[in-house]
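Visitor: This structure is in structure tokens; I'll ask about it shortly.
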Amino acid sequence: MDCQLDVFFLEAVLNGVLLAGLLALLALGLNLVFGVIDVVWICYAELVMLGMYGINDAYRVGAPFLVAALIGIVLVALAGAVLHLLVIRPVLDSPPINQLLVTGGVLFFLQAVATMAFGVEFRNVGIRLGSVSLFDMSFAWSRILTFGVALAGMLALWLFLTRTFTGTAIRAIAQDRQIMPLMGVDTRKIYLVTSAIGGGLAGLAAALMVLQYDIYPQIGLQFGPLIFMICVLGGLGNMIGGFVAAFIISQFIAVGGSCFATEWGYATAFLFFMLAIFIRPQGLFARRS
Amino acid sequence: MRVSPPALVGLAALVALPFLVRTGFSASERYYLHVLVQILLWSFIYTGWSLMGRFGLTSLGHGAFTGIGAYTAVLLWNFAGLTPWLGIPIGVALAMLIGVLVGYPCFRLRITGHYFALVTLALTEFIRLFIVGLRDYTGGSLGTQPRRYGDGLSLYAVQFEPDRLLSYYVALVLWLFGLYVWLRVDRSMERYALEAASEDEEAAASVGVDVTREKLKITALSAGICALGGAVYAQYQMYIGPETIAGLGVSLNIVFGVIAGGTGVLLGPTVGAVFTQLLSEGLRVAIQGSVMLKLWLGSAALALDTAVYGLLLILFIIYMPKGILGTLTARRERPARTGGAAPAEAPLRP
């Protein structure tokens, strides 16, 4: 339990920043879906898990990693669209909490299916990118790459949302669900497109995560609560808020984890979250209503 | 409280049930009693959740409360030698305190719906990490066991696991206590206050309902019941682990059990527990018994019940949001009553 302001502390802080990129990307997809459709996908991290298995298998059968990653992204984007069509669309008029719980059923289902299909063993794609040393500190290339690609992915989404017609329609629906159908926008189509994009972002996150983490059916339980926490802290549906919240939370995890033990890093993050939510109940960066 | 004749008959049947099991299935008596005890204990916990769940307070934090109850009692017994007769009340009090500490800001600030579910989810995760972090005492993610006292049958140590018949009656009494509490709440003024608050907080407050106070009372009660259930479950299982009695999986199981059974009816959570336990046990037995299934699925067969369970939950929430018992009672009472907290009737399709 040594926690001094030395080079290891700085290393932890910088690793926290690198982690924040991934968490921000994960939160972005969930926020997009919530902002537009008003549904929380409790099973979001399980979609990521699905993508990780898909990429792993594609890579194992001989596809180059970039192709495997692309397959994973398309796979999870399809899964997002299917999730919307089969599960979310029938409950769109139900109380919000039912919509949240129905995706909880999907969580159990996906976890169990993954266990049946892939077993409980840990899997790894086995790509080692090595690390870079800098002033006694070392950073894994996979983390740096993740950070860069996550930022690029977020930038691409932002460009899509602001520069294209479909993107503009998505943002418009997020602002007013009632009026847009009157303007000739097909909400059903927009919801479907949004679900696919949300899934695609989960797939992108999966492609980055297979470089850093082992794959196992319960990995969603490790990341899921973290993603929800970041989204709520930033204000559900607020993409910029989620981005900032990811950086705050990841500092707790990285610094707390390096000063104490890993789970205490996570525990302090959750404690901070609960305290913060009581000070700013609508999230630290609430949208003005 | 007056007990109606059908209820008395049902109660007599439940008291006699172990003897029927003994005569009917004497070969695997212990197994059947074990299934019954599991059903009763989870029914008690589910009923505890439904105390607040029926008023739209969908908490994903009850896995934290069962964990607090179980771990407090067991750790006090293992490391301080304190009898669970004191340890369990301490655990229950602790869970109620934490329920109030988390609930107060939530209710003051009108955190409801998604936000309430996700904040309470964070509580579950925090408690689970806290348990894993204290691994010197709790055994971390591997879990731990209450220290066995003598031959494992002791009033002082509240250990009754070797005697399945005794375990059954302990669970039965606990379950009846849960139903009693539910009925007390159902027939109280607080119920109307909470129902009004779940429909429209502002309107309820304007007619003099102290919304925060009422919600806190029901949260404390619900947290206490679940902590008690978790503690007794630990004494019966003689094992506690962060995944089996605390954590998100437990929270979700509680919520789904109640939804499958029915939220606003007395025996809804019990029906949910019967349904989920029989489903998982039935599938397990079916797989064990069938060579074909076993060969086809291998060790992965263990997850089949969860897959079916998840699928059924999706179908339940889409087509039968009132649950099994809720739908049945709503059918019978349809001409008399309309409205209610549950969403509009969805057609029942296979």
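Residue names in the structure tokens use chain letters A, B, ... in the order shown, residue numbers from 1 in each chain, and ligand numbers from 1 in the order shown.
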Could the residues of chain B that have an atom at most 8 Å from chain A be listed as a Markdown table, each with its closest atom pair and the distance in Å to one decimal, counting only C-alpha atoms and ordered by chain and ascending residue number?
Guide:
```
| residue | atom | partner | partner_atom | distance |
| --- | --- | --- | --- | --- |
| B:Thr58 | CA | A:Ile97 | CA | 7.4 |
| B:Pro105 | CA | A:Phe278 | CA | 5.7 |
| B:Cys106 | CA | A:Phe278 | CA | 6.9 |
| B:Leu109 | CA | A:Pro281 | CA | 6.5 |
| B:Ile111 | CA | A:Pro281 | CA | 6.8 |
| B:Gly113 | CA | A:Ile97 | CA | 6.0 |
| B:His114 | CA | A:Ile97 | CA | 6.3 |
| B:Tyr115 | CA | A:Val232 | CA | 7.2 |
| B:Leu118 | CA | A:Phe228 | CA | 6.9 |
| B:Val119 | CA | A:Met274 | CA | 6.8 |
| B:Leu121 | CA | A:Pro225 | CA | 7.3 |
| B:Ala122 | CA | A:Phe270 | CA | 6.1 |
| B:Leu123 | CA | A:Phe270 | CA | 7.5 |
| B:Glu125 | CA | A:Pro225 | CA | 7.2 |
| B:Phe126 | CA | A:Ala267 | CA | 5.3 |
| B:Leu129 | CA | A:Glu263 | CA | 5.7 |
| B:Phe130 | CA | A:Ala267 | CA | 6.4 |
| B:Val132 | CA | A:Glu263 | CA | 7.2 |
| B:Gly133 | CA | A:Glu263 | CA | 5.8 |
| B:Leu248 | CA | A:Leu221 | CA | 7.8 |
| B:Leu252 | CA | A:Gly104 | CA | 7.4 |
| B:Phe256 | CA | A:Leu101 | CA | 8.0 |
| B:Leu297 | CA | A:Met116 | CA | 7.1 |
| B:Ser299 | CA | A:Gly119 | CA | 7.9 |
| B:Ala300 | CA | A:Met116 | CA | 4.4 |
| B:Ala301 | CA | A:Met116 | CA | 6.7 |
| B:Ala303 | CA | A:Ala112 | CA | 5.0 |
| B:Leu304 | CA | A:Ala112 | CA | 6.6 |
| B:Thr306 | CA | A:Ala112 | CA | 5.7 |
| B:Ala307 | CA | A:Phe109 | CA | 4.5 |
| B:Val308 | CA | A:Phe109 | CA | 7.2 |
| B:Tyr309 | CA | A:Phe109 | CA | 7.4 |
| B:Gly310 | CA | A:Gly105 | CA | 4.4 |
| B:Leu311 | CA | A:Phe109 | CA | 6.1 |
| B:Leu312 | CA | A:Gly105 | CA | 7.9 |
| B:Leu313 | CA | A:Gly105 | CA | 5.4 |
| B:Ile314 | CA | A:Val102 | CA | 5.2 |
| B:Ile317 | CA | A:Val102 | CA | 6.0 |
| B:Ile318 | CA | A:Val91 | CA | 6.0 |
| B:Pro321 | CA | A:Asn98 | CA | 7.9 |
| B:Pro343 | CA | A:Ser94 | CA | 6.7 |
```
Visitor: Taking only region 66-216 of chain A into account, list the residues labelled alpha helix (DSSP H) by DSSP (computed from the backbone), as a ChimeraX atom specification.
Guide: /A:66-83,96-118,141-163,165-175,179-182,187-209
Visitor: Show which residues sit within 9 Å of Leu36 (chain B), as a PyMOL selection string. Count only C-alpha atoms, and ignore same-chain residues fewer than 5 positions away.
Guide: chain B and resi 31+41+168+171+274
Visitor: Counting only C-alpha atoms, figure out which residue out of B:Ala205, B:Leu101, B:Val255, B:Val15 gets nearest to Val170 (chain B).
Guide: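 Answer, going by the shortest atom-to-atom distance: B:Val15.
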Visitor: With a cut-off of 9 Å, could you pull out the residues of region 200-300 of chain B touching region 46-55 of chain B and give me the nearest pair of atoms for each, distance in Å to one decimal, using only C-alpha atoms, ordered by chain and ascending number, as JSON lines?
Guide:
```
{"residue": "B:Lys215", "atom": "CA", "partner": "B:Met52", "partner_atom": "CA", "distance": 8.1}
{"residue": "B:Ile218", "atom": "CA", "partner": "B:Met52", "partner_atom": "CA", "distance": 6.0}
{"residue": "B:Thr219", "atom": "CA", "partner": "B:Met52", "partner_atom": "CA", "distance": 6.3}
{"residue": "B:Leu221", "atom": "CA", "partner": "B:Gly48", "partner_atom": "CA", "distance": 7.9}
{"residue": "B:Ser222", "atom": "CA", "partner": "B:Gly48", "partner_atom": "CA", "distance": 4.9}
{"residue": "B:Ala223", "atom": "CA", "partner": "B:Gly48", "partner_atom": "CA", "distance": 7.3}
{"residue": "B:Gly224", "atom": "CA", "partner": "B:Gly48", "partner_atom": "CA", "distance": 8.1}
{"residue": "B:Ile225", "atom": "CA", "partner": "B:Gly48", "partner_atom": "CA", "distance": 5.3}
{"residue": "B:Cys226", "atom": "CA", "partner": "B:Gly48", "partner_atom": "CA", "distance": 5.6}
{"residue": "B:Gly229", "atom": "CA", "partner": "B:Gly48", "partner_atom": "CA", "distance": 8.5}
{"residue": "B:Ile254", "atom": "CA", "partner": "B:Tyr46", "partner_atom": "CA", "distance": 5.6}
{"residue": "B:Val255", "atom": "CA", "partner": "B:Trp49", "partner_atom": "CA", "distance": 7.5}
{"residue": "B:Gly257", "atom": "CA", "partner": "B:Tyr46", "partner_atom": "CA", "distance": 6.9}
{"residue": "B:Val258", "atom": "CA", "partner": "B:Tyr46", "partner_atom": "CA", "distance": 6.0}
{"residue": "B:Thr263", "atom": "CA", "partner": "B:Arg54", "partner_atom": "CA", "distance": 5.4}
{"residue": "B:Gly264", "atom": "CA", "partner": "B:Arg54", "partner_atom": "CA", "distance": 5.5}
{"residue": "B:Val265", "atom": "CA", "partner": "B:Arg54", "partner_atom": "CA", "distance": 8.8}
{"residue": "B:Leu266", "atom": "CA", "partner": "B:Thr47", "partner_atom": "CA", "distance": 8.0}
{"residue": "B:Leu267", "atom": "CA", "partner": "B:Thr47", "partner_atom": "CA", "distance": 8.2}
{"residue": "B:Gly268", "atom": "CA", "partner": "B:Thr47", "partner_atom": "CA", "distance": 8.1}
{"residue": "B:Pro269", "atom": "CA", "partner": "B:Tyr46", "partner_atom": "CA", "distance": 5.3}
{"residue": "B:Thr270", "atom": "CA", "partner": "B:Thr47", "partner_atom": "CA", "distance": 7.2}
{"residue": "B:Gly272", "atom": "CA", "partner": "B:Tyr46", "partner_atom": "CA", "distance": 8.2}
{"residue": "B:Ala273", "atom": "CA", "partner": "B:Tyr46", "partner_atom": "CA", "distance": 7.5}
```
Visitor: Given the choices A:Ile71, A:Ala81, A:Ile219, A:Val36, which gets closest to Thr168 (chain A) if the distance is worked out from only C-alpha atoms?
Guide: A:Val36
Visitor: What lies within 9 Å of Leu18 (chain A) using only C-alpha atoms, ignoring chain neighbours under 2 positions off, as a PyMOL selection string?
Guide: chain A and resi 13-16+20-22+143-144+146-148+247+250
Visitor: Do you have the CA of Gly323 (chain B)-CA of Glu201 (chain B) distance handy?
Guide: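 Separating CA of Gly323 (chain B) from CA of Glu201 (chain B) is a distance of 25.7 Å.
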Visitor: Fewer than 5 positions away in the same chain doesn't count, so skip those; otherwise give me all residues within 12 Å of Met183 (chain A), counting only C-alpha atoms, as a PyMOL selection string.
Guide: chain A and resi 169+172-173+176-178
Visitor: Work out how far apart CA of Leu174 (chain B) and CA of Ala80 (chain B) are and give it in Å to one decimal.
Guide: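 These two atoms are separated by 26.0 Å.
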Visitor: Which is closer to Leu33 (chain B) than all the others in B:Pro84, B:Gly99, B:Pro162, B:Gly143, using only C-alpha atoms?
Guide: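 Closest to Leu33 (chain B), using only C-alpha atoms: B:Pro162.
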Visitor: Can you measure CA of Ala245 (chain A) to CA of Phe34 (chain A) for me? One decimal in Å is fine.
Guide: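 These atoms are spaced 16.3 Å apart.
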